[in-house]
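Here is the file run-v5.cif (mmCIF, C-alpha atoms).
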data_target
#
loop_
_atom_site.label_atom_id
_atom_site.label_comp_id
_atom_site.auth_asym_id
_atom_site.auth_seq_id
_atom_site.Cartn_x
_atom_site.Cartn_y
_atom_site.Cartn_z
CA MET A 1 11.64 -39.26 -9.82
CA LEU A 2 14.49 -36.77 -9.66
CA GLU A 3 17.99 -38.14 -9.03
CA ASP A 4 19.06 -37.63 -5.40
CA GLU A 5 15.57 -36.34 -4.74
CA GLN A 6 15.57 -37.29 -1.07
CA LYS A 7 18.92 -35.56 -0.58
CA LEU A 8 17.51 -32.40 -2.19
CA VAL A 9 14.38 -32.61 -0.06
CA LYS A 10 16.52 -32.95 3.09
CA GLN A 11 18.58 -29.92 2.07
CA ALA A 12 15.41 -27.96 1.35
CA GLN A 13 14.02 -28.98 4.74
CA ASP A 14 17.20 -27.59 6.31
CA GLY A 15 16.51 -24.28 4.54
CA GLY A 16 18.39 -24.97 1.29
CA VAL A 17 16.93 -22.51 -1.22
CA GLU A 18 18.98 -23.87 -4.10
CA ALA A 19 17.81 -27.44 -3.43
CA PHE A 20 14.18 -26.37 -3.42
CA GLY A 21 14.84 -24.46 -6.63
CA LEU A 22 15.95 -27.70 -8.31
CA LEU A 23 12.86 -29.50 -7.06
CA TYR A 24 10.74 -26.63 -8.36
CA ASP A 25 12.36 -26.77 -11.83
CA HIS A 26 11.70 -30.50 -12.04
CA TYR A 27 8.11 -30.53 -10.82
CA LEU A 28 6.69 -27.20 -12.04
CA PRO A 29 5.78 -28.37 -15.60
CA ARG A 30 3.98 -31.43 -14.18
CA ILE A 31 2.08 -29.54 -11.51
CA TYR A 32 1.22 -26.70 -13.89
CA ARG A 33 -0.06 -29.18 -16.52
CA PHE A 34 -2.12 -31.02 -13.93
CA VAL A 35 -3.72 -27.79 -12.70
CA LEU A 36 -4.24 -26.36 -16.19
CA LEU A 37 -6.05 -29.48 -17.41
CA LYS A 38 -8.35 -29.16 -14.43
CA VAL A 39 -9.11 -25.43 -14.50
CA SER A 40 -8.67 -24.78 -18.25
CA HIS A 41 -7.53 -21.24 -17.62
CA ARG A 42 -3.92 -20.24 -18.07
CA GLU A 43 -3.72 -17.42 -15.53
CA ASP A 44 -5.62 -19.37 -12.89
CA ALA A 45 -3.36 -22.35 -13.51
CA GLU A 46 -0.31 -20.14 -13.01
CA ASP A 47 -1.70 -18.69 -9.78
CA LEU A 48 -2.70 -22.08 -8.40
CA SER A 49 0.62 -23.69 -9.32
CA HIS A 50 2.42 -20.82 -7.60
CA GLN A 51 0.25 -21.28 -4.51
CA ALA A 52 0.94 -25.03 -4.48
CA PHE A 53 4.72 -24.55 -4.57
CA LEU A 54 4.56 -21.78 -1.99
CA LYS A 55 2.67 -24.10 0.35
CA ALA A 56 5.18 -26.85 -0.33
CA TRP A 57 8.08 -24.51 0.51
CA GLU A 58 6.39 -23.29 3.69
CA ASN A 59 5.52 -26.79 4.89
CA ILE A 60 8.36 -28.88 3.51
CA GLU A 61 9.44 -29.84 7.05
CA GLN A 62 6.17 -31.73 7.41
CA TYR A 63 6.97 -33.96 4.45
CA ASP A 64 8.17 -37.40 5.52
CA PHE A 65 9.64 -39.75 2.89
CA ARG A 66 8.40 -42.86 4.75
CA GLY A 67 4.82 -41.96 3.89
CA TYR A 68 4.95 -41.30 0.14
CA SER A 69 7.12 -39.82 -2.59
CA PHE A 70 7.78 -36.09 -2.77
CA GLY A 71 6.01 -35.94 -6.16
CA SER A 72 2.87 -37.49 -4.67
CA TRP A 73 3.06 -34.98 -1.83
CA LEU A 74 3.21 -32.10 -4.34
CA TYR A 75 0.32 -33.46 -6.39
CA ARG A 76 -1.70 -33.76 -3.20
CA ILE A 77 -1.06 -30.09 -2.39
CA ALA A 78 -1.90 -29.04 -5.96
CA ARG A 79 -5.10 -31.07 -5.84
CA ASN A 80 -6.17 -29.44 -2.56
CA VAL A 81 -5.35 -25.98 -3.88
CA THR A 82 -7.52 -26.64 -6.95
CA ILE A 83 -10.40 -27.95 -4.83
CA ASP A 84 -10.17 -24.81 -2.64
CA TYR A 85 -10.18 -22.67 -5.79
CA TYR A 86 -13.48 -24.16 -6.95
CA ARG A 87 -14.98 -23.91 -3.47
CA SER A 88 -13.96 -20.35 -2.62
CA ALA A 89 -14.45 -18.72 -6.04
CA LYS A 90 -17.57 -20.80 -6.76
CA THR A 91 -16.13 -21.17 -10.21
CA GLU A 92 -18.29 -22.91 -12.76
CA VAL A 93 -16.69 -25.51 -14.96
CA SER A 94 -16.39 -23.83 -18.31
CA THR A 95 -15.31 -25.33 -21.61
CA ASP A 96 -15.62 -22.14 -23.60
CA ASN A 97 -12.02 -21.02 -23.42
CA ILE A 98 -10.30 -24.33 -24.13
CA ALA A 99 -9.71 -23.52 -27.82
CA ASP A 100 -8.17 -20.19 -26.87
CA LEU A 101 -6.13 -21.88 -24.19
CA ILE A 102 -4.68 -24.40 -26.66
CA GLU A 103 -3.98 -21.59 -29.08
CA GLU A 104 -1.94 -19.63 -26.56
CA THR A 105 -0.32 -22.64 -24.88
CA VAL A 106 1.25 -24.59 -27.69
CA ARG A 107 1.60 -24.51 -31.45
CA LEU A 108 -0.22 -27.43 -33.00
CA ASP A 109 -1.48 -28.42 -36.41
CA LEU A 110 -5.21 -28.15 -36.91
CA ASP A 111 -6.01 -31.88 -36.53
CA LEU A 112 -4.14 -32.22 -33.28
CA LYS A 113 -5.65 -28.97 -32.06
CA MET A 114 -9.12 -30.45 -32.59
CA GLU A 115 -8.12 -33.69 -30.84
CA TRP A 116 -6.87 -31.71 -27.85
CA GLU A 117 -10.00 -29.62 -27.74
CA GLU A 118 -12.16 -32.76 -27.67
CA LEU A 119 -9.99 -34.40 -25.06
CA MET A 120 -9.77 -31.41 -22.76
CA THR A 121 -13.50 -30.75 -23.06
CA GLY A 122 -14.15 -34.43 -22.33
CA ILE A 123 -11.83 -34.42 -19.29
CA LYS A 124 -13.66 -31.41 -17.89
CA GLN A 125 -16.92 -33.36 -17.98
CA LEU A 126 -15.57 -36.23 -15.89
CA LYS A 127 -15.83 -36.44 -12.12
CA GLU A 128 -13.10 -34.65 -10.16
CA VAL A 129 -11.41 -37.86 -9.05
CA GLU A 130 -11.64 -39.38 -12.56
CA GLN A 131 -9.90 -36.31 -13.96
CA ASP A 132 -7.16 -36.66 -11.36
CA VAL A 133 -6.54 -40.32 -12.12
CA LEU A 134 -6.57 -39.86 -15.92
CA ILE A 135 -4.15 -36.93 -15.82
CA MET A 136 -1.81 -38.55 -13.30
CA ARG A 137 -1.77 -41.98 -14.95
CA PHE A 138 -1.74 -41.11 -18.68
CA VAL A 139 -0.43 -37.56 -18.99
CA GLU A 140 2.06 -37.60 -16.12
CA ASP A 141 2.87 -41.34 -16.18
CA LEU A 142 2.53 -41.75 -12.43
CA SER A 143 2.42 -45.31 -11.15
CA ILE A 144 -0.73 -46.75 -9.59
CA LYS A 145 0.95 -46.44 -6.18
CA GLU A 146 1.92 -42.78 -6.66
CA THR A 147 -1.55 -41.96 -7.95
CA ALA A 148 -3.12 -43.70 -4.96
CA GLU A 149 -0.87 -41.70 -2.61
CA SER A 150 -1.72 -38.45 -4.38
CA ILE A 151 -5.48 -38.88 -4.29
CA GLU A 152 -5.44 -40.60 -0.87
CA LYS A 153 -7.17 -43.77 -2.04
CA SER A 154 -6.19 -47.42 -2.27
CA GLU A 155 -4.44 -48.86 -5.32
CA GLY A 156 -7.50 -51.00 -6.03
CA ALA A 157 -9.70 -47.91 -6.00
CA VAL A 158 -7.35 -46.19 -8.46
CA LYS A 159 -7.60 -49.11 -10.91
CA LEU A 160 -11.37 -48.99 -10.69
CA ILE A 161 -11.55 -45.20 -11.14
CA GLN A 162 -9.12 -45.42 -14.06
CA HIS A 163 -11.29 -48.04 -15.80
CA ARG A 164 -14.42 -45.92 -15.34
CA ALA A 165 -12.68 -42.71 -16.39
CA ILE A 166 -11.43 -44.17 -19.68
CA ASN A 167 -14.85 -45.60 -20.52
CA ASN A 168 -16.60 -42.34 -19.68
CA LEU A 169 -14.09 -40.27 -21.66
CA LYS A 170 -14.46 -42.60 -24.67
CA LYS A 171 -18.23 -42.20 -24.54
CA ILE A 172 -17.98 -38.39 -24.32
CA VAL A 173 -15.51 -38.12 -27.23
CA VAL A 174 -17.44 -40.54 -29.45
CA LYS A 175 -20.69 -38.72 -28.70
CA LYS A 176 -19.12 -35.40 -29.60
CA LYS A 177 -17.74 -36.75 -32.88
CA LYS A 178 -21.21 -37.93 -33.88
CA MET B 1 -12.40 -44.27 -30.87
CA ARG B 2 -10.12 -47.02 -29.70
CA GLU B 3 -8.67 -46.98 -26.18
CA THR B 4 -5.05 -46.98 -27.44
CA GLU B 5 -5.75 -43.93 -29.57
CA LEU B 6 -7.38 -42.17 -26.65
CA LEU B 7 -4.42 -42.88 -24.38
CA LYS B 8 -2.00 -41.75 -27.11
CA ASN B 9 -3.84 -38.45 -27.36
CA LEU B 10 -3.83 -38.09 -23.60
CA ARG B 11 -0.05 -38.60 -23.57
CA SER B 12 0.35 -35.89 -26.19
CA LEU B 13 -0.97 -33.39 -23.62
CA LYS B 14 2.46 -33.66 -22.03
CA ALA B 15 3.52 -30.98 -24.51
CA ILE B 16 1.77 -28.39 -22.33
CA GLU B 17 4.34 -26.39 -20.41
CA PRO B 18 4.37 -23.14 -18.44
CA SER B 19 6.01 -20.12 -20.01
CA ASN B 20 9.63 -19.53 -19.05
CA ASP B 21 8.84 -16.02 -17.92
CA TYR B 22 6.16 -17.23 -15.51
CA ALA B 23 8.33 -20.09 -14.24
CA MET B 24 11.21 -17.70 -13.45
CA ARG B 25 9.05 -15.07 -11.76
CA SER B 26 7.17 -17.60 -9.66
CA LYS B 27 10.40 -19.35 -8.62
CA MET B 28 12.03 -16.09 -7.50
CA ALA B 29 8.95 -15.09 -5.54
CA ILE B 30 8.79 -18.45 -3.75
CA LEU B 31 12.48 -18.69 -2.92
CA ASN B 32 12.53 -15.11 -1.60
CA TYR B 33 9.57 -15.88 0.63
CA PRO B 34 10.75 -16.09 4.27
CA ARG B 35 9.90 -19.44 5.75
CA LYS B 36 8.14 -19.38 9.13
CA VAL B 37 9.53 -22.66 10.35
CA ALA B 38 11.94 -22.67 13.34
CA VAL B 39 14.09 -19.84 11.94
CA GLY B 40 15.36 -18.88 15.43
CA LEU B 41 16.80 -22.30 16.15
CA GLU B 42 18.55 -22.54 12.81
CA ILE B 43 20.18 -19.15 13.07
CA ALA B 44 21.09 -19.54 16.72
CA GLY B 45 23.55 -22.33 16.28
CA GLN B 46 23.07 -24.91 13.56
CA GLY B 47 21.42 -27.38 15.93
CA VAL B 48 23.60 -26.67 18.98
CA VAL B 49 20.68 -25.08 20.77
CA VAL B 50 18.47 -28.02 19.94
CA GLN B 51 21.13 -30.51 21.09
CA SER B 52 21.71 -28.60 24.33
CA PHE B 53 18.01 -28.48 24.94
CA ASN B 54 17.73 -32.22 24.35
CA LEU B 55 20.66 -32.95 26.70
CA GLY B 56 19.25 -30.66 29.39
CA LEU B 57 15.83 -32.17 29.02
CA SER B 58 17.14 -35.73 29.31
CA MET B 59 19.18 -34.82 32.42
CA LEU B 60 16.17 -33.15 33.97
CA LEU B 61 14.02 -36.20 33.31
CA THR B 62 16.66 -38.54 34.79
CA ALA B 63 16.87 -36.38 37.92
CA ALA B 64 13.10 -36.34 38.22
CA VAL B 65 12.96 -40.14 37.96
CA LEU B 66 15.65 -40.53 40.64
CA ILE B 67 13.82 -38.13 42.96
CA ILE B 68 10.61 -40.03 42.49
CA ILE B 69 12.29 -43.37 43.26
CA LEU B 70 14.31 -42.12 46.26
CA GLY B 71 11.48 -40.00 47.55
CA GLY B 72 9.50 -43.06 48.49
CA THR B 73 6.87 -43.00 45.82
CA ALA B 74 6.46 -46.71 46.36
CA THR B 75 5.50 -46.12 50.00
CA ILE B 76 3.08 -43.36 49.04
CA LEU B 77 1.54 -45.50 46.35
CA ARG B 78 1.31 -48.49 48.70
CA SER B 79 -0.52 -46.49 51.34
CA VAL B 80 -2.80 -45.05 48.71
CA LEU B 81 -3.47 -48.48 47.26
CA ILE B 82 -4.12 -50.05 50.65
CA ASN B 83 -6.55 -47.31 51.55
CA ASN B 84 -8.33 -47.63 48.26
CA LEU B 85 -8.44 -51.43 47.95
CA PRO B 86 -11.98 -52.49 48.72
CA GLY B 87 -11.03 -56.01 49.94
CA ALA B 88 -8.11 -54.99 52.16
CA ASP B 89 -8.49 -55.57 55.95
CA THR B 90 -6.73 -52.57 57.47
CA GLY B 91 -6.86 -53.92 61.04
CA SER B 92 -5.11 -57.19 60.20
CA LEU B 93 -2.54 -55.38 58.08
CA VAL B 94 -1.73 -53.04 61.00
CA SER B 95 -1.41 -55.95 63.47
CA GLU B 96 0.83 -57.80 61.00
CA ALA B 97 2.99 -54.74 60.74
CA ASP B 98 3.14 -54.52 64.58
CA ASN B 99 4.19 -58.18 64.82
CA ILE B 100 6.92 -57.62 62.29
CA THR B 101 8.12 -54.58 64.29
CA LYS B 102 8.14 -56.63 67.52
CA ASP B 103 10.12 -59.42 65.84
CA ILE B 104 12.63 -56.91 64.66
CA ASP B 105 12.92 -55.44 68.21
CA ILE B 106 13.48 -58.90 69.75
CA LYS B 107 16.14 -59.73 67.19
CA LEU B 108 17.84 -56.42 67.87
CA ASN B 109 17.88 -57.15 71.66
CA GLU B 110 19.36 -60.58 71.02
CA ALA B 111 22.00 -59.10 68.82
CA GLU B 112 22.79 -56.55 71.52
CA TYR B 113 23.10 -59.30 74.17
CA TYR B 114 25.40 -61.40 71.98
CA ALA B 115 27.54 -58.38 71.26
CA LEU B 116 27.91 -57.66 75.03
CA ALA B 117 28.68 -61.30 75.84
CA ALA B 118 31.27 -61.46 73.12
CA LYS B 119 32.86 -58.31 74.50
CA GLU B 120 33.03 -59.71 78.09
CA THR B 121 34.41 -63.00 76.85
CA SER B 122 37.10 -61.27 74.91
CA VAL B 123 38.07 -59.20 78.00
CA ALA B 124 38.23 -62.34 80.17
CA LEU B 125 40.30 -64.19 77.64
CA ARG B 126 42.70 -61.32 77.39
CA GLU B 127 43.13 -61.15 81.17
CA ALA B 128 43.58 -64.88 81.38
CA SER B 129 46.18 -64.82 78.71
CA LEU B 130 48.08 -62.09 80.59
CA ASN B 131 47.76 -63.17 84.28
CA GLY B 132 46.53 -66.73 84.09
CA PRO B 133 43.28 -67.88 85.72
CA ALA B 134 42.83 -67.05 89.42
CA HIS B 135 41.83 -70.64 90.35
CA ALA B 136 45.07 -71.89 88.82
CA ASN B 137 47.16 -69.44 90.80
CA PRO B 138 49.61 -71.56 92.85
CA LEU B 139 49.69 -69.04 95.77
CA LEU B 140 45.92 -69.14 96.14
CA ILE B 141 45.82 -72.93 95.94
CA GLU B 142 48.48 -73.17 98.61
CA ARG B 143 46.58 -70.77 100.93
CA GLU B 144 43.37 -72.74 100.52
CA ALA B 145 45.18 -75.96 101.11
CA GLU B 146 46.43 -74.63 104.43
CA SER B 147 42.93 -73.95 105.67
CA LEU B 148 42.01 -77.55 104.92
CA ASN B 149 43.31 -80.20 107.33
CA PHE B 150 43.99 -83.17 105.06
CA ASP B 151 45.53 -85.17 107.92
CA SER B 152 42.37 -85.08 110.06
CA PRO B 153 39.39 -85.62 107.76
CA THR B 154 36.88 -84.50 110.47
CA ASN B 155 35.67 -81.01 110.38
CA ASN B 156 34.84 -79.60 113.77
CA LYS B 157 32.49 -77.01 112.45
CA ILE B 158 30.35 -79.65 110.78
CA ASP B 159 30.22 -81.69 113.96
CA ASP B 160 29.04 -78.66 115.93
CA LEU B 161 26.35 -77.93 113.43
CA LEU B 162 25.11 -81.53 113.46
CA ASN B 163 24.96 -81.54 117.24
CA LYS B 164 22.89 -78.36 117.29
CA ALA B 165 20.50 -79.81 114.81
CA SER B 166 19.97 -83.00 116.76
CA GLN B 167 19.19 -81.18 120.04
#
Could you write out this structure as structure tokens?
Amino acid sequence: MLEDEQKLVKQAQDGGVEAFGLLYDHYLPRIYRFVLLKVSHREDAEDLSHQAFLKAWENIEQYDFRGYSFGSWLYRIARNVTIDYYRSAKTEVSTDNIADLIEETVRLDLDLKMEWEELMTGIKQLKEVEQDVLIMRFVEDLSIKETAESIEKSEGAVKLIQHRAINNLKKIVVKKKK
Amino acid sequence: MRETELLKNLRSLKAIEPSNDYAMRSKMAILNYPRKVAVGLEIAGQGVVVQSFNLGLSMLLTAAVLIIILGGTATILRSVLINNLPGADTGSLVSEADNITKDIDIKLNEAEYYALAAKETSVALREASLNGPAHANPLLIEREAESLNFDSPTNNKIDDLLNKASQ
């Protein structure tokens, strides 16, 4: 969580552009990563991340700290934007371009590149909610509570989904290695 | 593959980051986007308009409440309730109300009588204090005493009357 986050959010709610800019700088890499791991397409991930932050800026007055953290609120928006993307564009889940995506996203040695390819392909084969929980819990280090707030489920449900997601991902990766 | 290794690999995905060029362009586009929310109120007076509106609204509501109370809403509601209560005996309620009105009238008449009596008493007392009581006037007592013959206890008029009666 960003230092003085609630103060920045309040300033942004009062129209503070600079405050929202700081929130954007802090959360963009996380939201972008979350979206990219779900859509596996760099340009789409950029568009969807942009849309998520635009919605957040437009509706920031509706955010209320008493409900959940600002980060959870952003992840919730990003999640909804991604769901809408799949619904409206009728986009098929594709794993073809993951290798290219890794190539253009980050410089890695060959072994790690292969590990990433397996992982990202495996994540894509999980259920939507299992993807969300895995990314939020183990890539973004969100707490159980924050994850529950983001996916609008109970903490118990998150623990259960997490357990299933890890098992399913293990099975997929092991199967692929064979 | 062990779970720890899988989680370690998942954590390594944190290295994914957006390009600086995209981040800058997107940020500029968002921050230059005019927000729809309550722009008029913010520009108009940094909350003064909102505060004035709140004050005006609260005053209006207070006035409305006072009007409702003073305007006899209770009476209206009572009449409505009485008319709509299935078990209410309208005839007995009306006669009870009449009795209460009569009682009030009687008590008002009594109060009026006592007020008049008090007034007359006060006038009499004032006169007495100024002139003294007429029956205690020494001139009057003397005149009356003259008409009475204390030396001869017989009264001729009484004798005449008794004689007439016996005839």
Exercise for review: Pull out every residue of chain A sitting within 9 Å of chain B, counting all atoms listed in the file, and send them as a VMD selection string.
Suggested key: chain A and resid 14 to 15 17 to 18 20 to 21 24 to 25 28 to 30 32 to 33 36 to 37 42 46 to 47 49 to 50 53 to 54 57 to 59 61 102 105 to 106 112 115 to 116 119 to 120 134 to 135 138 to 141 166 to 167 169 to 171 173 to 174
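Atom to atom, CA of Ile172 (chain A) and CA of Ser88 (chain A) stand 28.5 Å apart.
Our summary of the geometry notes that CA of Val94 (chain B) is positioned 18.5 Å from CA of Ile106 (chain B).
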Practice item. Name all residues at most 8 Å from Ile151 (chain A) (count only C-alpha atoms; drop same-chain ones fewer than 6 positions away) and give them as JSON, numbers by chain. Key: {"A": [76, 79, 129, 132]}
Exercise for review: State, in Å with one decimal place, the distance from CA of Val35 (chain A) to CA of Val133 (chain A).
Suggested key: 12.9 Å
**Study point:** Shortest interatomic distance to Ile31 (chain A) - which of A:Met114, A:Val158, A:Met136, A:Leu8, counting all atoms listed in the file
**Key:** A:Met136
Practice item. Identify, on the basis of only C-alpha atoms, every residue whose closest approach to Leu48 (chain A) does not exceed 8 Å; exclude the query and any residue fewer than 4 positions from it along the same chain; express the result as a list of chain:residue names. Key: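 Neighbouring residues, sequence-local ones excluded: A:Val35, A:Asp44, A:Ala52, A:Ala78, A:Val81, A:Thr82, A:Tyr85.
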Check your understanding: How would you write as a list in words the residues that get within 10 Å of (15.7, -37.1, -5.2) in the file's frame, counting only C-alpha atoms?
Key -> Met1, Leu2, Glu3, Asp4, Glu5, Gln6, Lys7, Leu8, Val9, Lys10, Leu22, Leu23, Ser69, Phe70 and Gly71 of chain A
Can those selected residues be exported to a file as a PDB file, in the coordinates of the input so that it contains C-alpha atoms?
ATOM      1  CA  MET A   1      11.640 -39.260  -9.820  1.00  0.00           C
ATOM      2  CA  LEU A   2      14.490 -36.770  -9.660  1.00  0.00           C
ATOM      3  CA  GLU A   3      17.990 -38.140  -9.030  1.00  0.00           C
ATOM      4  CA  ASP A   4      19.060 -37.630  -5.400  1.00  0.00           C
ATOM      5  CA  GLU A   5      15.570 -36.340  -4.740  1.00  0.00           C
ATOM      6  CA  GLN A   6      15.570 -37.290  -1.070  1.00  0.00           C
ATOM      7  CA  LYS A   7      18.920 -35.560  -0.580  1.00  0.00           C
ATOM      8  CA  LEU A   8      17.510 -32.400  -2.190  1.00  0.00           C
ATOM      9  CA  VAL A   9      14.380 -32.610  -0.060  1.00  0.00           C
ATOM     10  CA  LYS A  10      16.520 -32.950   3.090  1.00  0.00           C
ATOM     11  CA  LEU A  22      15.950 -27.700  -8.310  1.00  0.00           C
ATOM     12  CA  LEU A  23      12.860 -29.500  -7.060  1.00  0.00           C
ATOM     13  CA  SER A  69       7.120 -39.820  -2.590  1.00  0.00           C
ATOM     14  CA  PHE A  70       7.780 -36.090  -2.770  1.00  0.00           C
ATOM     15  CA  GLY A  71       6.010 -35.940  -6.160  1.00  0.00           C
TER      16      GLY A  71
END
